[in-house]
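Trainee: Got a structure for you, written out below as structure tokens; questions coming shortly.
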Amino acid sequence: MKKLSVLFLLLAVLLSGCSTQECRETELFAMDTLIELRIWGGEEGELSALSQELYRLAALFSATDEESPVYQLNLLGEASLPPEVLSLLRASLSLCELTGGAFDPTVYPLVKAWGFPSKAYRVPQSDELAALLTGVGTQHIHLDGSSVRLDAGCELDFGAIAKGYAAEHCAALLQEHGVQAALLSLGGNVQTLGTKPDGSSWVIGIADPDDPGSAIATLTFTGSLALVTSGSYQRAFTQDGVTYHHILDPDTGLPADSGLRSVTVICDSATRADAYSTALFVMGLSDGIEFYRQQDDFEAVFLTTQGEIYATQGCAQMLGGCSFEIIVREEG
Ligand code: AMP
Ligand code: MG
């Protein structure tokens, strides 16, 4: 398997680096992840403006930054939210409903109980999880214009969707600014924009869960797309020989044990791709295939704990470097 220069947490990266002179690149750390930005064309200050925009969004959606409106809402149980947070909350509510609650923005009390935000990892007892689960669910969120009230025990976490939103928002800004092509990589979230001046394809690696610095497969395509991976290898800790990862099943409060190691979603919208990848990881292969057949707005690559790779029919042509089964949209 070809070794790729894969980015930190990782879905991804390019076989096709900055091959032409017009390409500019920078790296920053925000949203708890390494972010790599590459653009072809655009003004001189484009990348620093983009970095500032990403820092702004990171501060806006953070559940841990004391200045953030999300932190304040979680602390006080009531807040007036700025329009962007309100709009991501509304999108999250509808994506929660669409995914049957597999993606749920109210899992934060569970995420904290496992110690993921603080990195003080621990395994909560089942009675502790049962008590916390009473606050989980979007029925505990009450919206009235820009005012939001949360029932006691309910707290919001945009960790499964904010990077996707940021990638989509930044791609739209770059497009407005006349940038010809861009590759934005925010941890497991990759967004491409346009076509590089030399016309070459984008080649994005899907991280090998056993060796996330290498690619287990590649996706090759042209044009603008979002590719988002959710994987159990991306954030996890081991206690008494058992490994616990960060994607929680909102029904049980436990790390989702659905037979998958990662799901990569390919979609026009990075926001939806991000929510879908988390949801599909929770659903597992069989429910994930059902969901795929109900929706017509994404394609996906599933890596199972058995080492199998399944790709939906719309991205099978893009996938290379591995053998895989094809999931068709219509049965029969
Ligand atoms: P992602 O890497 O996009 O799959 O998002 C995982 C992050 O979202 C975790 O680190 C948690 O902060 C949060 N999270 C965990 N499980 C869920 C879930 N089922 N729905 C929504 N957010 C979740
Ligand atoms: Mg996600």
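Each chain in the structure tokens gets a letter, A, B, ..., in the order shown, and its residues are numbered from 1; ligands are numbered from 1 in order too.
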Name all residues at most 12 Å from Gln72 of chain A (count only C-alpha atoms; drop same-chain ones fewer than 5 positions away) and give them as a list in words.
Mentor: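 Selected residues are Leu60, Phe61, Ser62, Ala63, Thr64, Asp65, Glu66, Glu67, Gly77, Glu78, Ala79, Ser80, Leu81, Val148, Arg149, Leu150, Glu155 and Leu156 of chain A.
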Trainee: Emit the selected residues as a PDB file, in the first residue's frame, including N, CA, C and O atoms.
Mentor:
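The new file again10.pdb reads:
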ATOM      1  N   LEU A  60     -16.708  29.905  18.286  1.00  0.00           N
ATOM      2  CA  LEU A  60     -18.172  30.026  18.289  1.00  0.00           C
ATOM      3  C   LEU A  60     -18.856  28.716  18.690  1.00  0.00           C
ATOM      4  O   LEU A  60     -19.838  28.708  19.428  1.00  0.00           O
ATOM      5  N   PHE A  61     -18.340  27.596  18.189  1.00  0.00           N
ATOM      6  CA  PHE A  61     -19.026  26.309  18.375  1.00  0.00           C
ATOM      7  C   PHE A  61     -18.438  25.451  19.493  1.00  0.00           C
ATOM      8  O   PHE A  61     -18.940  24.358  19.755  1.00  0.00           O
ATOM      9  N   SER A  62     -17.378  25.934  20.139  1.00  0.00           N
ATOM     10  CA  SER A  62     -16.730  25.117  21.165  1.00  0.00           C
ATOM     11  C   SER A  62     -17.645  24.892  22.376  1.00  0.00           C
ATOM     12  O   SER A  62     -18.328  25.802  22.831  1.00  0.00           O
ATOM     13  N   ALA A  63     -17.624  23.680  22.902  1.00  0.00           N
ATOM     14  CA  ALA A  63     -18.362  23.405  24.141  1.00  0.00           C
ATOM     15  C   ALA A  63     -17.454  23.579  25.362  1.00  0.00           C
ATOM     16  O   ALA A  63     -17.922  23.494  26.500  1.00  0.00           O
ATOM     17  N   THR A  64     -16.154  23.815  25.130  1.00  0.00           N
ATOM     18  CA  THR A  64     -15.214  23.907  26.256  1.00  0.00           C
ATOM     19  C   THR A  64     -14.676  25.317  26.490  1.00  0.00           C
ATOM     20  O   THR A  64     -14.224  25.626  27.593  1.00  0.00           O
ATOM     21  N   ASP A  65     -14.729  26.167  25.468  1.00  0.00           N
ATOM     22  CA  ASP A  65     -14.226  27.528  25.607  1.00  0.00           C
ATOM     23  C   ASP A  65     -15.251  28.357  26.397  1.00  0.00           C
ATOM     24  O   ASP A  65     -16.390  28.528  25.955  1.00  0.00           O
ATOM     25  N   GLU A  66     -14.834  28.898  27.536  1.00  0.00           N
ATOM     26  CA  GLU A  66     -15.784  29.585  28.426  1.00  0.00           C
ATOM     27  C   GLU A  66     -16.448  30.807  27.788  1.00  0.00           C
ATOM     28  O   GLU A  66     -17.482  31.267  28.231  1.00  0.00           O
ATOM     29  N   GLU A  67     -15.809  31.331  26.758  1.00  0.00           N
ATOM     30  CA  GLU A  67     -16.372  32.505  26.077  1.00  0.00           C
ATOM     31  C   GLU A  67     -17.441  32.119  25.053  1.00  0.00           C
ATOM     32  O   GLU A  67     -18.148  32.988  24.536  1.00  0.00           O
ATOM     33  N   GLY A  77     -28.198  26.966  30.948  1.00  0.00           N
ATOM     34  CA  GLY A  77     -29.446  26.311  30.552  1.00  0.00           C
ATOM     35  C   GLY A  77     -30.336  27.198  29.706  1.00  0.00           C
ATOM     36  O   GLY A  77     -31.411  26.773  29.266  1.00  0.00           O
ATOM     37  N   GLU A  78     -29.881  28.415  29.445  1.00  0.00           N
ATOM     38  CA  GLU A  78     -30.691  29.358  28.683  1.00  0.00           C
ATOM     39  C   GLU A  78     -29.764  30.391  28.058  1.00  0.00           C
ATOM     40  O   GLU A  78     -28.829  30.844  28.719  1.00  0.00           O
ATOM     41  N   ALA A  79     -29.988  30.740  26.794  1.00  0.00           N
ATOM     42  CA  ALA A  79     -29.146  31.763  26.161  1.00  0.00           C
ATOM     43  C   ALA A  79     -29.790  32.219  24.867  1.00  0.00           C
ATOM     44  O   ALA A  79     -30.611  31.523  24.281  1.00  0.00           O
ATOM     45  N   SER A  80     -29.379  33.419  24.462  1.00  0.00           N
ATOM     46  CA  SER A  80     -29.762  33.903  23.145  1.00  0.00           C
ATOM     47  C   SER A  80     -28.561  33.607  22.241  1.00  0.00           C
ATOM     48  O   SER A  80     -27.448  34.033  22.536  1.00  0.00           O
ATOM     49  N   LEU A  81     -28.779  32.845  21.191  1.00  0.00           N
ATOM     50  CA  LEU A  81     -27.646  32.390  20.381  1.00  0.00           C
ATOM     51  C   LEU A  81     -27.446  33.271  19.155  1.00  0.00           C
ATOM     52  O   LEU A  81     -28.416  33.720  18.531  1.00  0.00           O
ATOM     53  N   VAL A 148     -32.794  30.011  23.349  1.00  0.00           N
ATOM     54  CA  VAL A 148     -32.804  28.559  23.503  1.00  0.00           C
ATOM     55  C   VAL A 148     -32.781  28.229  24.986  1.00  0.00           C
ATOM     56  O   VAL A 148     -32.031  28.824  25.762  1.00  0.00           O
ATOM     57  N   ARG A 149     -33.629  27.301  25.380  1.00  0.00           N
ATOM     58  CA  ARG A 149     -33.636  26.820  26.761  1.00  0.00           C
ATOM     59  C   ARG A 149     -33.448  25.315  26.733  1.00  0.00           C
ATOM     60  O   ARG A 149     -34.018  24.609  25.897  1.00  0.00           O
ATOM     61  N   LEU A 150     -32.588  24.841  27.626  1.00  0.00           N
ATOM     62  CA  LEU A 150     -32.344  23.401  27.726  1.00  0.00           C
ATOM     63  C   LEU A 150     -32.921  22.893  29.032  1.00  0.00           C
ATOM     64  O   LEU A 150     -32.779  23.548  30.079  1.00  0.00           O
ATOM     65  N   GLU A 155     -27.200  19.110  27.554  1.00  0.00           N
ATOM     66  CA  GLU A 155     -26.123  20.000  27.088  1.00  0.00           C
ATOM     67  C   GLU A 155     -25.787  19.680  25.643  1.00  0.00           C
ATOM     68  O   GLU A 155     -25.854  18.527  25.223  1.00  0.00           O
ATOM     69  N   LEU A 156     -25.402  20.727  24.898  1.00  0.00           N
ATOM     70  CA  LEU A 156     -25.149  20.571  23.460  1.00  0.00           C
ATOM     71  C   LEU A 156     -23.680  20.344  23.140  1.00  0.00           C
ATOM     72  O   LEU A 156     -22.792  20.853  23.827  1.00  0.00           O
TER      73      LEU A 156
END
Trainee: Would you list the residues that come within 7 Å of ligand 1? Count only C-alpha atoms and all ligand atoms and give the answer as a list in words.
Mentor: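 Protein and nucleic-acid residues within 7 Å of ligand 1: Ala102, Phe103, Asp104, Pro105, Val107, Tyr108, Val111, Phe116, Asp157, Phe158, Gly159, Ala160, Ile161, Ser230, Gly231, His246, Ile247, Leu248, Asp249, Pro250, Asp274, Ala275, Ser277, Thr278, Ala279 and Val282 of chain A.
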Trainee: Would you mind exporting the chosen residues as a JSON list (two decimals), in the first residue's frame, restricted to N, CA and C atoms?
Mentor:
[["chain", "number", "residue", "atom", "x", "y", "z"],
["A", 102, "ALA", "N", -29.43, 8.79, 15.58],
["A", 102, "ALA", "CA", -28.05, 8.24, 15.62],
["A", 102, "ALA", "C", -27.03, 9.37, 15.73],
["A", 103, "PHE", "N", -27.28, 10.48, 15.01],
["A", 103, "PHE", "CA", -26.54, 11.73, 15.25],
["A", 103, "PHE", "C", -27.42, 12.53, 16.19],
["A", 104, "ASP", "N", -26.90, 12.89, 17.35],
["A", 104, "ASP", "CA", -27.70, 13.62, 18.33],
["A", 104, "ASP", "C", -26.84, 14.68, 19.00],
["A", 105, "PRO", "N", -27.18, 15.98, 18.82],
["A", 105, "PRO", "CA", -26.34, 17.05, 19.37],
["A", 105, "PRO", "C", -26.43, 17.19, 20.89],
["A", 107, "VAL", "N", -25.58, 14.79, 23.14],
["A", 107, "VAL", "CA", -24.82, 13.73, 23.83],
["A", 107, "VAL", "C", -23.76, 14.27, 24.79],
["A", 108, "TYR", "N", -23.63, 15.60, 24.89],
["A", 108, "TYR", "CA", -22.47, 16.14, 25.61],
["A", 108, "TYR", "C", -22.30, 15.64, 27.06],
["A", 111, "VAL", "N", -20.49, 12.47, 26.66],
["A", 111, "VAL", "CA", -19.12, 12.69, 26.18],
["A", 111, "VAL", "C", -18.22, 13.14, 27.34],
["A", 116, "PHE", "N", -13.84, 12.65, 27.43],
["A", 116, "PHE", "CA", -13.22, 13.01, 26.15],
["A", 116, "PHE", "C", -12.81, 14.49, 26.05],
["A", 157, "ASP", "N", -23.45, 19.60, 22.06],
["A", 157, "ASP", "CA", -22.11, 19.32, 21.56],
["A", 157, "ASP", "C", -22.17, 19.32, 20.04],
["A", 158, "PHE", "N", -21.47, 20.27, 19.40],
["A", 158, "PHE", "CA", -21.45, 20.32, 17.94],
["A", 158, "PHE", "C", -20.21, 19.62, 17.36],
["A", 159, "GLY", "N", -19.55, 18.82, 18.20],
["A", 159, "GLY", "CA", -18.30, 18.16, 17.79],
["A", 159, "GLY", "C", -18.43, 17.25, 16.59],
["A", 160, "ALA", "N", -19.63, 16.74, 16.33],
["A", 160, "ALA", "CA", -19.81, 15.81, 15.20],
["A", 160, "ALA", "C", -20.24, 16.52, 13.93],
["A", 161, "ILE", "N", -20.37, 17.84, 13.98],
["A", 161, "ILE", "CA", -20.88, 18.55, 12.79],
["A", 161, "ILE", "C", -20.15, 19.87, 12.50],
["A", 230, "SER", "N", -15.62, 9.25, 9.95],
["A", 230, "SER", "CA", -15.74, 9.03, 11.39],
["A", 230, "SER", "C", -15.16, 7.66, 11.67],
["A", 231, "GLY", "N", -14.23, 7.58, 12.63],
["A", 231, "GLY", "CA", -13.60, 6.28, 12.90],
["A", 231, "GLY", "C", -13.32, 6.10, 14.37],
["A", 246, "HIS", "N", -14.76, 7.41, 20.91],
["A", 246, "HIS", "CA", -15.49, 8.66, 21.18],
["A", 246, "HIS", "C", -16.84, 8.80, 20.48],
["A", 247, "ILE", "N", -17.22, 7.83, 19.66],
["A", 247, "ILE", "CA", -18.52, 7.96, 18.97],
["A", 247, "ILE", "C", -19.54, 7.15, 19.76],
["A", 248, "LEU", "N", -20.44, 7.87, 20.41],
["A", 248, "LEU", "CA", -21.33, 7.23, 21.38],
["A", 248, "LEU", "C", -22.69, 6.92, 20.79],
["A", 249, "ASP", "N", -23.24, 5.82, 21.23],
["A", 249, "ASP", "CA", -24.61, 5.46, 20.84],
["A", 249, "ASP", "C", -25.55, 6.23, 21.77],
["A", 250, "PRO", "N", -26.33, 7.20, 21.23],
["A", 250, "PRO", "CA", -27.19, 8.02, 22.10],
["A", 250, "PRO", "C", -28.26, 7.21, 22.83],
["A", 274, "ASP", "N", -20.63, 15.38, 7.58],
["A", 274, "ASP", "CA", -20.10, 15.21, 8.94],
["A", 274, "ASP", "C", -21.14, 14.55, 9.85],
["A", 275, "ALA", "N", -22.36, 15.05, 9.80],
["A", 275, "ALA", "CA", -23.42, 14.44, 10.63],
["A", 275, "ALA", "C", -23.69, 13.00, 10.18],
["A", 277, "SER", "N", -21.64, 10.86, 8.70],
["A", 277, "SER", "CA", -20.57, 9.88, 8.99],
["A", 277, "SER", "C", -20.67, 9.43, 10.45],
["A", 278, "THR", "N", -20.96, 10.35, 11.34],
["A", 278, "THR", "CA", -21.14, 9.99, 12.75],
["A", 278, "THR", "C", -22.35, 9.06, 12.90],
["A", 279, "ALA", "N", -23.46, 9.46, 12.25],
["A", 279, "ALA", "CA", -24.70, 8.67, 12.36],
["A", 279, "ALA", "C", -24.52, 7.26, 11.79],
["A", 282, "VAL", "N", -22.71, 4.95, 14.03],
["A", 282, "VAL", "CA", -23.59, 4.46, 15.11],
["A", 282, "VAL", "C", -24.54, 3.38, 14.58]]
Trainee: May I have the residues within 6 Å of Thr304 of chain A as an MDAnalysis selection string, using only C-alpha atoms and disregarding those fewer than 4 positions away in the same chain?
Mentor: chainID A and resid 259:261 308
Trainee: Using only C-alpha atoms and all ligand atoms, can you tell me which of A:Leu319, A:Ala58, A:Leu95, A:Ala130 comes closest to ligand 2?
Mentor: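 Checking each of A:Leu319, A:Ala58, A:Leu95, A:Ala130 against ligand 2, counting only C-alpha atoms and all ligand atoms, the winner is A:Leu95.
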Trainee: Have a look at A:Leu54, A:Cys96, A:Ile309, A:Leu133 and name the one nearest to ligand 2; count only C-alpha atoms and all ligand atoms.
Mentor: A:Cys96
Trainee: Atom CA of Val263 of chain A and atom CA of Thr106 of chain A are how many Å apart?
Mentor: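 Distance between the two atoms: 21.5 Å.
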Trainee: Pick from A:Tyr244, A:Tyr276, A:Tyr165, A:Tyr121: nearest to ligand 2, with only C-alpha atoms and all ligand atoms counted?
Mentor: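 Ranked by minimum distance to ligand 2, first place goes to A:Tyr276.
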Trainee: Do a neighbour search on Ser323 of chain A at 12 Å with only C-alpha atoms, toss out local chain neighbours closer than 5 positions, and write the hits as a list in words.
Mentor: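 Surrounding residues, per the criterion: Ile216, Ala217, Thr218, Val301, Leu303, Gly307, Glu308, Ile309, Tyr310, Ala311 and Ala316 of chain A.
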Trainee: Create the file for the chosen residues now, containing N, CA and C atoms and written as a PDB file, in the first residue's frame.
Mentor:
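Listing of part37.pdb after writing:
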ATOM      1  N   ILE A 216      -5.635   3.091   3.334  1.00  0.00           N
ATOM      2  CA  ILE A 216      -6.074   1.731   3.021  1.00  0.00           C
ATOM      3  C   ILE A 216      -6.697   1.703   1.626  1.00  0.00           C
ATOM      4  N   ALA A 217      -7.105   2.886   1.153  1.00  0.00           N
ATOM      5  CA  ALA A 217      -7.741   3.013  -0.155  1.00  0.00           C
ATOM      6  C   ALA A 217      -7.663   4.482  -0.567  1.00  0.00           C
ATOM      7  N   THR A 218      -7.923   4.749  -1.835  1.00  0.00           N
ATOM      8  CA  THR A 218      -7.950   6.150  -2.278  1.00  0.00           C
ATOM      9  C   THR A 218      -9.234   6.433  -3.054  1.00  0.00           C
ATOM     10  N   VAL A 301     -18.192   4.848   2.154  1.00  0.00           N
ATOM     11  CA  VAL A 301     -17.300   3.683   2.206  1.00  0.00           C
ATOM     12  C   VAL A 301     -17.248   3.225   3.664  1.00  0.00           C
ATOM     13  N   LEU A 303     -15.726   0.586   6.533  1.00  0.00           N
ATOM     14  CA  LEU A 303     -14.677  -0.374   6.898  1.00  0.00           C
ATOM     15  C   LEU A 303     -15.178  -1.129   8.121  1.00  0.00           C
ATOM     16  N   GLY A 307     -12.522  -6.344   8.757  1.00  0.00           N
ATOM     17  CA  GLY A 307     -11.538  -6.017   7.721  1.00  0.00           C
ATOM     18  C   GLY A 307     -12.125  -5.918   6.322  1.00  0.00           C
ATOM     19  N   GLU A 308     -13.466  -5.964   6.208  1.00  0.00           N
ATOM     20  CA  GLU A 308     -14.074  -5.840   4.875  1.00  0.00           C
ATOM     21  C   GLU A 308     -14.285  -4.364   4.541  1.00  0.00           C
ATOM     22  N   ILE A 309     -14.364  -4.094   3.227  1.00  0.00           N
ATOM     23  CA  ILE A 309     -14.642  -2.738   2.748  1.00  0.00           C
ATOM     24  C   ILE A 309     -15.885  -2.802   1.857  1.00  0.00           C
ATOM     25  N   TYR A 310     -16.850  -1.948   2.152  1.00  0.00           N
ATOM     26  CA  TYR A 310     -18.071  -1.848   1.353  1.00  0.00           C
ATOM     27  C   TYR A 310     -18.175  -0.420   0.827  1.00  0.00           C
ATOM     28  N   ALA A 311     -18.472  -0.289  -0.467  1.00  0.00           N
ATOM     29  CA  ALA A 311     -18.625   1.049  -1.051  1.00  0.00           C
ATOM     30  C   ALA A 311     -19.978   1.135  -1.737  1.00  0.00           C
ATOM     31  N   ALA A 316     -18.118   3.812  -6.147  1.00  0.00           N
ATOM     32  CA  ALA A 316     -17.283   2.651  -6.456  1.00  0.00           C
ATOM     33  C   ALA A 316     -16.249   2.968  -7.535  1.00  0.00           C
TER      34      ALA A 316
END
Trainee: Per residue of segment 158-244 of chain A within 7 Å of segment 29-44 of chain A, which atom pair is closest and at what distance in Å (one decimal), using only C-alpha atoms, listed by chain and increasing number, as CSV?
Mentor:
residue,atom,partner,partner_atom,distance
A:His177,CA,A:Gly42,CA,6.7
A:Gly178,CA,A:Gly42,CA,6.2
A:Val179,CA,A:Gly42,CA,4.5
A:Gln180,CA,A:Gly41,CA,5.5
A:Ala181,CA,A:Trp40,CA,5.0
A:Ala182,CA,A:Ile39,CA,4.2
A:Leu183,CA,A:Arg38,CA,5.1
A:Leu184,CA,A:Leu37,CA,4.7
A:Ser185,CA,A:Glu36,CA,5.1
A:Leu186,CA,A:Ile35,CA,4.5
A:Gly187,CA,A:Thr33,CA,5.5
A:Lys196,CA,A:Trp40,CA,6.7
Trainee: Quick check for you: according to DSSP on this backbone, which residues of segment 161-297 of chain A are classed as alpha helix (DSSP H)? Reply as a count of residues only.
Mentor: 40
Trainee: What separation in Å, quoted to one decimal, exists between atom CA of Asp210 of chain A and atom CA of Glu325 of chain A?
Mentor: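 Calculated distance between atom CA of Asp210 of chain A and atom CA of Glu325 of chain A is 20.2 Å.
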